[in-house]
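What follows is the content of work-v3.cif (mmCIF, C-alpha atoms).
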```cif
data_coords
#
loop_
_atom_site.label_atom_id
_atom_site.label_comp_id
_atom_site.auth_asym_id
_atom_site.auth_seq_id
_atom_site.Cartn_x
_atom_site.Cartn_y
_atom_site.Cartn_z
CA MET E 1 -50.08 34.47 -5.78
CA PHE E 2 -46.32 34.85 -5.12
CA GLN E 3 -44.00 32.05 -6.09
CA GLN E 4 -41.34 31.28 -3.48
CA ALA E 5 -37.83 30.88 -4.86
CA ILE E 6 -35.93 27.80 -3.78
CA LEU E 7 -32.23 28.36 -3.28
CA PRO E 8 -29.70 25.60 -3.91
CA GLY E 9 -29.13 23.61 -0.74
CA SER E 10 -32.44 24.69 0.80
CA SER E 11 -35.43 22.46 1.26
CA SER E 12 -38.61 23.06 -0.71
CA PRO E 13 -41.45 24.95 1.01
CA ASN E 14 -43.57 21.79 1.10
CA SER E 15 -40.90 19.40 2.37
CA GLY E 16 -41.76 20.06 6.02
CA SER E 17 -38.16 20.49 7.20
CA PRO E 18 -36.70 24.00 7.56
CA SER E 19 -33.73 25.04 5.45
CA PRO E 20 -30.31 25.36 7.17
CA VAL E 21 -30.50 29.17 7.00
CA SER E 22 -34.01 29.13 8.53
CA SER E 23 -32.71 26.98 11.37
CA LEU E 24 -29.79 29.35 11.85
CA LEU E 25 -32.12 32.36 11.99
CA ASP E 26 -34.28 30.59 14.56
CA CYS E 27 -31.19 29.86 16.66
CA LEU E 28 -30.07 33.50 16.44
CA ALA E 29 -33.52 34.73 17.47
CA GLN E 30 -33.17 32.73 20.68
CA ALA E 31 -29.45 33.24 21.38
CA SER E 32 -28.85 36.88 20.44
CA THR E 33 -30.15 40.18 21.75
CA ARG E 34 -29.67 41.58 18.21
CA PRO E 35 -30.31 38.65 15.85
CA ARG E 36 -30.26 40.70 12.62
CA TYR E 37 -26.92 42.24 13.53
CA ALA E 38 -25.57 38.81 14.53
CA PHE E 39 -26.65 37.34 11.18
CA MET E 40 -24.88 40.16 9.32
CA VAL E 41 -21.73 39.48 11.36
CA LEU E 42 -21.86 35.75 10.52
CA SER E 43 -22.51 36.50 6.83
CA LEU E 44 -19.53 38.85 6.60
CA ILE E 45 -17.30 36.32 8.35
CA ALA E 46 -18.45 33.64 5.88
CA GLU E 47 -17.67 36.02 3.00
CA VAL E 48 -13.96 36.19 3.92
CA ALA E 49 -13.57 32.74 5.53
CA ASP E 50 -11.69 29.87 3.96
CA ALA E 51 -13.30 26.48 3.25
CA ARG E 52 -12.75 25.48 6.90
CA GLY E 53 -14.79 28.46 8.05
CA GLU E 54 -11.80 30.34 9.48
CA ALA E 55 -11.49 34.09 8.94
CA GLY E 56 -8.69 36.41 9.99
CA PRO E 57 -6.59 37.70 11.50
CA PHE E 58 -6.23 39.88 8.39
CA VAL E 59 -8.48 40.57 5.40
CA ARG E 60 -7.23 41.93 2.10
CA ARG E 61 -9.28 44.90 0.94
CA GLY E 62 -8.39 47.59 -1.58
CA GLY E 63 -4.81 46.41 -2.01
CA LYS E 64 -4.01 46.42 1.71
CA HIS E 65 -4.49 44.15 4.71
CA ILE E 66 -6.72 45.22 7.59
CA THR E 67 -7.63 43.30 10.72
CA LEU E 68 -10.74 41.15 10.60
CA ARG E 69 -12.37 43.23 13.34
CA ASP E 70 -11.72 46.48 11.43
CA PHE E 71 -13.14 44.88 8.27
CA LEU E 72 -16.30 43.82 10.11
CA CYS E 73 -16.77 47.22 11.76
CA ASP E 74 -16.21 49.12 8.50
CA SER E 75 -18.59 46.80 6.62
CA LEU E 76 -21.32 47.21 9.24
CA ALA E 77 -20.88 50.98 9.64
CA PRO E 78 -23.21 51.98 6.74
CA MET E 79 -26.10 50.28 8.55
CA GLY E 80 -26.16 53.22 10.98
CA GLY E 81 -25.84 55.90 8.29
CA ARG E 82 -29.33 57.30 8.86
CA ASP E 83 -29.10 57.12 12.62
CA PRO E 84 -29.61 60.62 14.14
CA ARG E 85 -26.68 59.86 16.44
CA ARG E 86 -24.42 59.65 13.35
CA VAL E 87 -25.45 63.18 12.31
CA ALA E 88 -24.80 64.41 15.84
CA LEU E 89 -21.40 62.67 15.79
CA ALA E 90 -20.43 64.53 12.61
CA GLU E 91 -21.24 67.86 14.26
CA ARG E 92 -19.33 66.86 17.40
CA VAL E 93 -16.28 65.84 15.32
CA LYS E 94 -16.31 69.20 13.50
CA SER E 95 -16.53 71.07 16.80
CA ASP E 96 -13.70 69.02 18.31
CA LEU E 97 -11.43 69.60 15.32
CA ILE E 98 -12.12 73.35 15.42
CA LEU E 99 -11.42 73.49 19.19
CA GLU E 100 -8.19 71.54 18.69
CA ASP E 101 -7.25 73.90 15.82
CA ARG E 102 -6.89 70.91 13.49
CA MET E 103 -9.58 71.89 10.93
CA PRO E 104 -8.02 72.68 7.53
CA SER E 105 -9.17 75.83 5.71
CA ASP E 106 -9.59 73.92 2.43
CA PRO E 107 -13.19 72.57 2.35
CA ALA E 108 -12.21 69.30 0.62
CA ALA E 109 -9.41 68.63 3.10
CA ALA E 110 -11.73 69.52 6.00
CA ALA E 111 -14.42 67.12 4.75
CA ALA E 112 -11.81 64.35 4.34
CA LEU E 113 -10.47 64.90 7.86
CA VAL E 114 -14.00 64.88 9.37
CA GLU E 115 -14.76 61.65 7.48
CA GLU E 116 -11.53 60.01 8.68
CA GLU E 117 -12.11 61.05 12.30
CA MET E 118 -15.71 59.83 12.16
CA ARG E 119 -14.59 56.47 10.72
CA ASP E 120 -12.12 56.05 13.61
CA ARG E 121 -14.77 56.87 16.22
CA VAL E 122 -17.45 54.70 14.59
CA ARG E 123 -14.92 51.85 14.33
CA ALA E 124 -14.05 52.17 18.03
CA SER E 125 -17.70 52.05 19.14
CA GLY E 126 -18.43 49.35 16.56
CA LYS E 127 -15.83 47.09 18.14
CA THR E 128 -17.78 47.17 21.39
CA ASN E 129 -20.97 46.08 19.59
CA LEU E 130 -19.02 43.47 17.63
CA SER E 131 -17.44 41.99 20.76
CA ARG E 132 -20.84 41.67 22.42
CA ALA E 133 -22.33 39.95 19.35
CA VAL E 134 -19.35 37.61 18.99
CA SER E 135 -19.58 36.62 22.66
CA GLU E 136 -23.24 35.69 22.15
CA LEU E 137 -22.38 33.71 19.01
CA VAL E 138 -19.58 31.86 20.83
CA GLY E 139 -21.99 31.07 23.66
CA ALA E 140 -24.52 29.72 21.15
CA GLY E 141 -21.90 27.43 19.59
CA LEU E 142 -22.02 29.24 16.24
CA LEU E 143 -18.55 30.74 16.40
CA LYS E 144 -15.15 29.94 17.85
CA ARG E 145 -12.78 32.79 18.70
CA TYR E 146 -9.04 32.75 19.23
CA TYR E 147 -6.14 35.14 18.75
CA LYS E 148 -3.01 35.17 16.59
CA GLY E 149 0.04 37.33 17.07
CA PHE E 150 2.41 38.15 19.86
CA ALA E 151 1.18 37.15 23.32
CA VAL E 152 2.11 39.97 25.67
CA ASP E 153 1.44 40.67 29.32
CA HIS E 154 -1.60 42.87 28.92
CA GLU E 155 -4.80 43.37 30.93
CA ASN E 156 -6.80 42.75 27.75
CA ARG E 157 -6.61 39.06 26.81
CA GLY E 158 -6.33 40.04 23.15
CA GLY E 159 -3.68 42.70 23.79
CA GLN E 160 -1.53 43.23 20.68
CA ARG E 161 -2.97 40.08 19.11
CA HIS E 162 -5.63 39.86 16.44
CA ALA E 163 -8.89 37.96 16.49
CA VAL E 164 -9.59 34.93 14.33
CA TYR E 165 -13.20 33.70 14.04
CA VAL E 166 -14.20 30.21 12.96
CA LEU E 167 -17.77 29.38 11.94
CA GLN E 168 -19.17 26.44 13.93
CA GLY E 169 -22.31 24.32 14.02
CA MET E 170 -25.31 25.65 12.13
CA ALA E 171 -23.38 28.75 11.01
CA ARG E 172 -21.37 26.56 8.64
CA CYS E 173 -24.36 26.53 6.27
CA LEU E 174 -23.19 30.00 5.23
CA LEU E 175 -20.10 28.34 3.72
CA SER E 176 -22.05 26.09 1.35
CA HIS E 177 -21.05 28.19 -1.66
CA ARG E 178 -17.37 27.67 -0.84
CA ILE E 179 -17.61 23.94 -0.21
CA ALA E 180 -19.55 23.36 -3.43
CA THR E 181 -17.10 25.37 -5.54
CA PRO E 182 -14.16 23.30 -6.81
CA PRO E 183 -10.71 24.85 -6.44
CA PRO E 184 -9.50 26.79 -9.50
CA PRO E 185 -7.41 24.77 -11.96
CA ARG E 186 -3.67 25.06 -11.56
CA ASN E 187 -1.87 26.88 -14.35
CA GLN E 188 1.19 24.65 -14.14
CA PRO E 189 1.47 21.83 -16.67
CA ARG E 190 1.53 18.25 -15.46
CA GLN E 191 4.46 16.00 -16.23
CA GLY E 192 4.49 15.14 -19.91
CA GLU E 193 2.53 18.27 -20.90
CA LEU E 194 3.97 21.21 -22.73
CA LEU E 195 2.96 24.78 -22.04
CA PHE E 196 2.55 26.78 -25.25
CA GLY E 197 2.45 30.59 -25.10
#
```
Output the file's structure as structure tokens, nothing else.
Amino acid sequence: MFQQAILPGSSSPNSGSPSPVSSLLDCLAQASTRPRYAFMVLSLIAEVADARGEAGPFVRRGGKHITLRDFLCDSLAPMGGRDPRRVALAERVKSDLILEDRMPSDPAAAAALVEEEMRDRVRASGKTNLSRAVSELVGAGLLKRYYKGFAVDHENRGGQRHAVYVLQGMARCLLSHRIATPPPPRNQPRQGELLFG
């Protein structure tokens, strides 16, 4: 009745062997307490990773560089947009800003400040969820984590350094589009060639 689409690099439905993504999903179902969230994390990392599977410490978005962890948290934030806790958070932020006498009288400026404060709070709580998911992915052999930046004496092992994530094992199937894509041609002429404008 329904025809199943076959993606490039995946096995056909009748071949008997699961596709790489199916195997990855099976692994996540066993290794993660939140497999859907973990898959979204891996997919976003693959989106900004280089051909070696390494992403971070910074991601370029909207003309500026943000940390990989901030990029992941901001990208995942809309998934909780309908959560009743998000509505309650907006009300709590408004109340806090009024109590702190920081709420502008201009409605547009007030809405922008509430949105900015909510983004900061959602990002902070999102980093906790992200760290938990990354730890599970590292334990499952799907991700490697290390830090770049200045190593300082700090109780947090990542203090003042920024995370870099590298896709490992089965998670590398998410990079297939990068590996299959040849590098863009260079615009510089080779020796003996002339460049005409």
Point to revise | Atom pair CA of Val59 (chain E) / CA of Lys127 (chain E): separation (Å) | key: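 CA of Val59 (chain E) sits 16.1 Å away from CA of Lys127 (chain E).
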Exercise for review: Just say which residues the PyMOL selection byres ((chain E and resi 138) around 12) picks in this file, as an MDAnalysis selection string.
Suggested key: chainID E and resid 28 31:32 38 42 131:137 139:146 165:169 171
Review point. To one decimal place, how far is CA of Leu76 (chain E) from CA of Arg61 (chain E) in Å?
Key: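 A separation of 14.8 Å between them.
CA of Arg121 (chain E) sits 26.4 Å away from CA of Ala49 (chain E).
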Point to revise | Matched chain/residue IDs from the PyMOL selection byres ((chain E and resi 97) around 12), as number ranges by chain | key: E: 90-96, 98-105, 110-111, 113-118
Could those selected residues go to a file with C-alpha atoms, as a compact mmCIF listing (two decimals), in the frame of the given file?
```
# COMPACT_ATOMS: atom_id res chain seq x y z
CA ALA E 90 -20.43 64.53 12.61
CA GLU E 91 -21.24 67.86 14.26
CA ARG E 92 -19.33 66.86 17.40
CA VAL E 93 -16.28 65.84 15.32
CA LYS E 94 -16.31 69.20 13.50
CA SER E 95 -16.53 71.07 16.80
CA ASP E 96 -13.70 69.02 18.31
CA ILE E 98 -12.12 73.35 15.42
CA LEU E 99 -11.42 73.49 19.19
CA GLU E 100 -8.19 71.54 18.69
CA ASP E 101 -7.25 73.90 15.82
CA ARG E 102 -6.89 70.91 13.49
CA MET E 103 -9.58 71.89 10.93
CA PRO E 104 -8.02 72.68 7.53
CA SER E 105 -9.17 75.83 5.71
CA ALA E 110 -11.73 69.52 6.00
CA ALA E 111 -14.42 67.12 4.75
CA LEU E 113 -10.47 64.90 7.86
CA VAL E 114 -14.00 64.88 9.37
CA GLU E 115 -14.76 61.65 7.48
CA GLU E 116 -11.53 60.01 8.68
CA GLU E 117 -12.11 61.05 12.30
CA MET E 118 -15.71 59.83 12.16
```
Study note, to complete from the structure: Across E:Arg85, E:Leu72, E:Tyr147, E:His65, the smallest distance to Val41 (chain E), with all atoms listed in the file counted, is shown by E:Leu72
Review point. Pick the closest to Met40 (chain E) from E:Lys148, E:Leu130, E:Gly63, E:Ser22: which is it, counting all atoms listed in the file?
Key: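 Using all atoms listed in the file, the shortest distance to Met40 (chain E) belongs to E:Leu130.
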Practice item. Report as a PyMOL selection string the full result of the PyMOL selection byres ((chain E and resi 74) around 10) when it is applied to this structure. Key: chain E and resi 68-73+75-79+119-120+122-123+126-127
Residues of the last selection are to be written out with C-alpha atoms, as a PDB file, in the coordinates of the input.
```pdb
ATOM      1  CA  LEU E  68     -10.740  41.150  10.600  1.00  0.00           C
ATOM      2  CA  ARG E  69     -12.370  43.230  13.340  1.00  0.00           C
ATOM      3  CA  ASP E  70     -11.720  46.480  11.430  1.00  0.00           C
ATOM      4  CA  PHE E  71     -13.140  44.880   8.270  1.00  0.00           C
ATOM      5  CA  LEU E  72     -16.300  43.820  10.110  1.00  0.00           C
ATOM      6  CA  CYS E  73     -16.770  47.220  11.760  1.00  0.00           C
ATOM      7  CA  SER E  75     -18.590  46.800   6.620  1.00  0.00           C
ATOM      8  CA  LEU E  76     -21.320  47.210   9.240  1.00  0.00           C
ATOM      9  CA  ALA E  77     -20.880  50.980   9.640  1.00  0.00           C
ATOM     10  CA  PRO E  78     -23.210  51.980   6.740  1.00  0.00           C
ATOM     11  CA  MET E  79     -26.100  50.280   8.550  1.00  0.00           C
ATOM     12  CA  ARG E 119     -14.590  56.470  10.720  1.00  0.00           C
ATOM     13  CA  ASP E 120     -12.120  56.050  13.610  1.00  0.00           C
ATOM     14  CA  VAL E 122     -17.450  54.700  14.590  1.00  0.00           C
ATOM     15  CA  ARG E 123     -14.920  51.850  14.330  1.00  0.00           C
ATOM     16  CA  GLY E 126     -18.430  49.350  16.560  1.00  0.00           C
ATOM     17  CA  LYS E 127     -15.830  47.090  18.140  1.00  0.00           C
TER      18      LYS E 127
END
```
Review point. Nearest to Phe39 (chain E) among E:Ala55, E:Cys27, E:Leu89, E:Thr67, with distances taken over all atoms listed in the file: which residue is it?
Key: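 Going through E:Ala55, E:Cys27, E:Leu89, E:Thr67 one by one, the smallest distance to Phe39 (chain E) is for E:Cys27.
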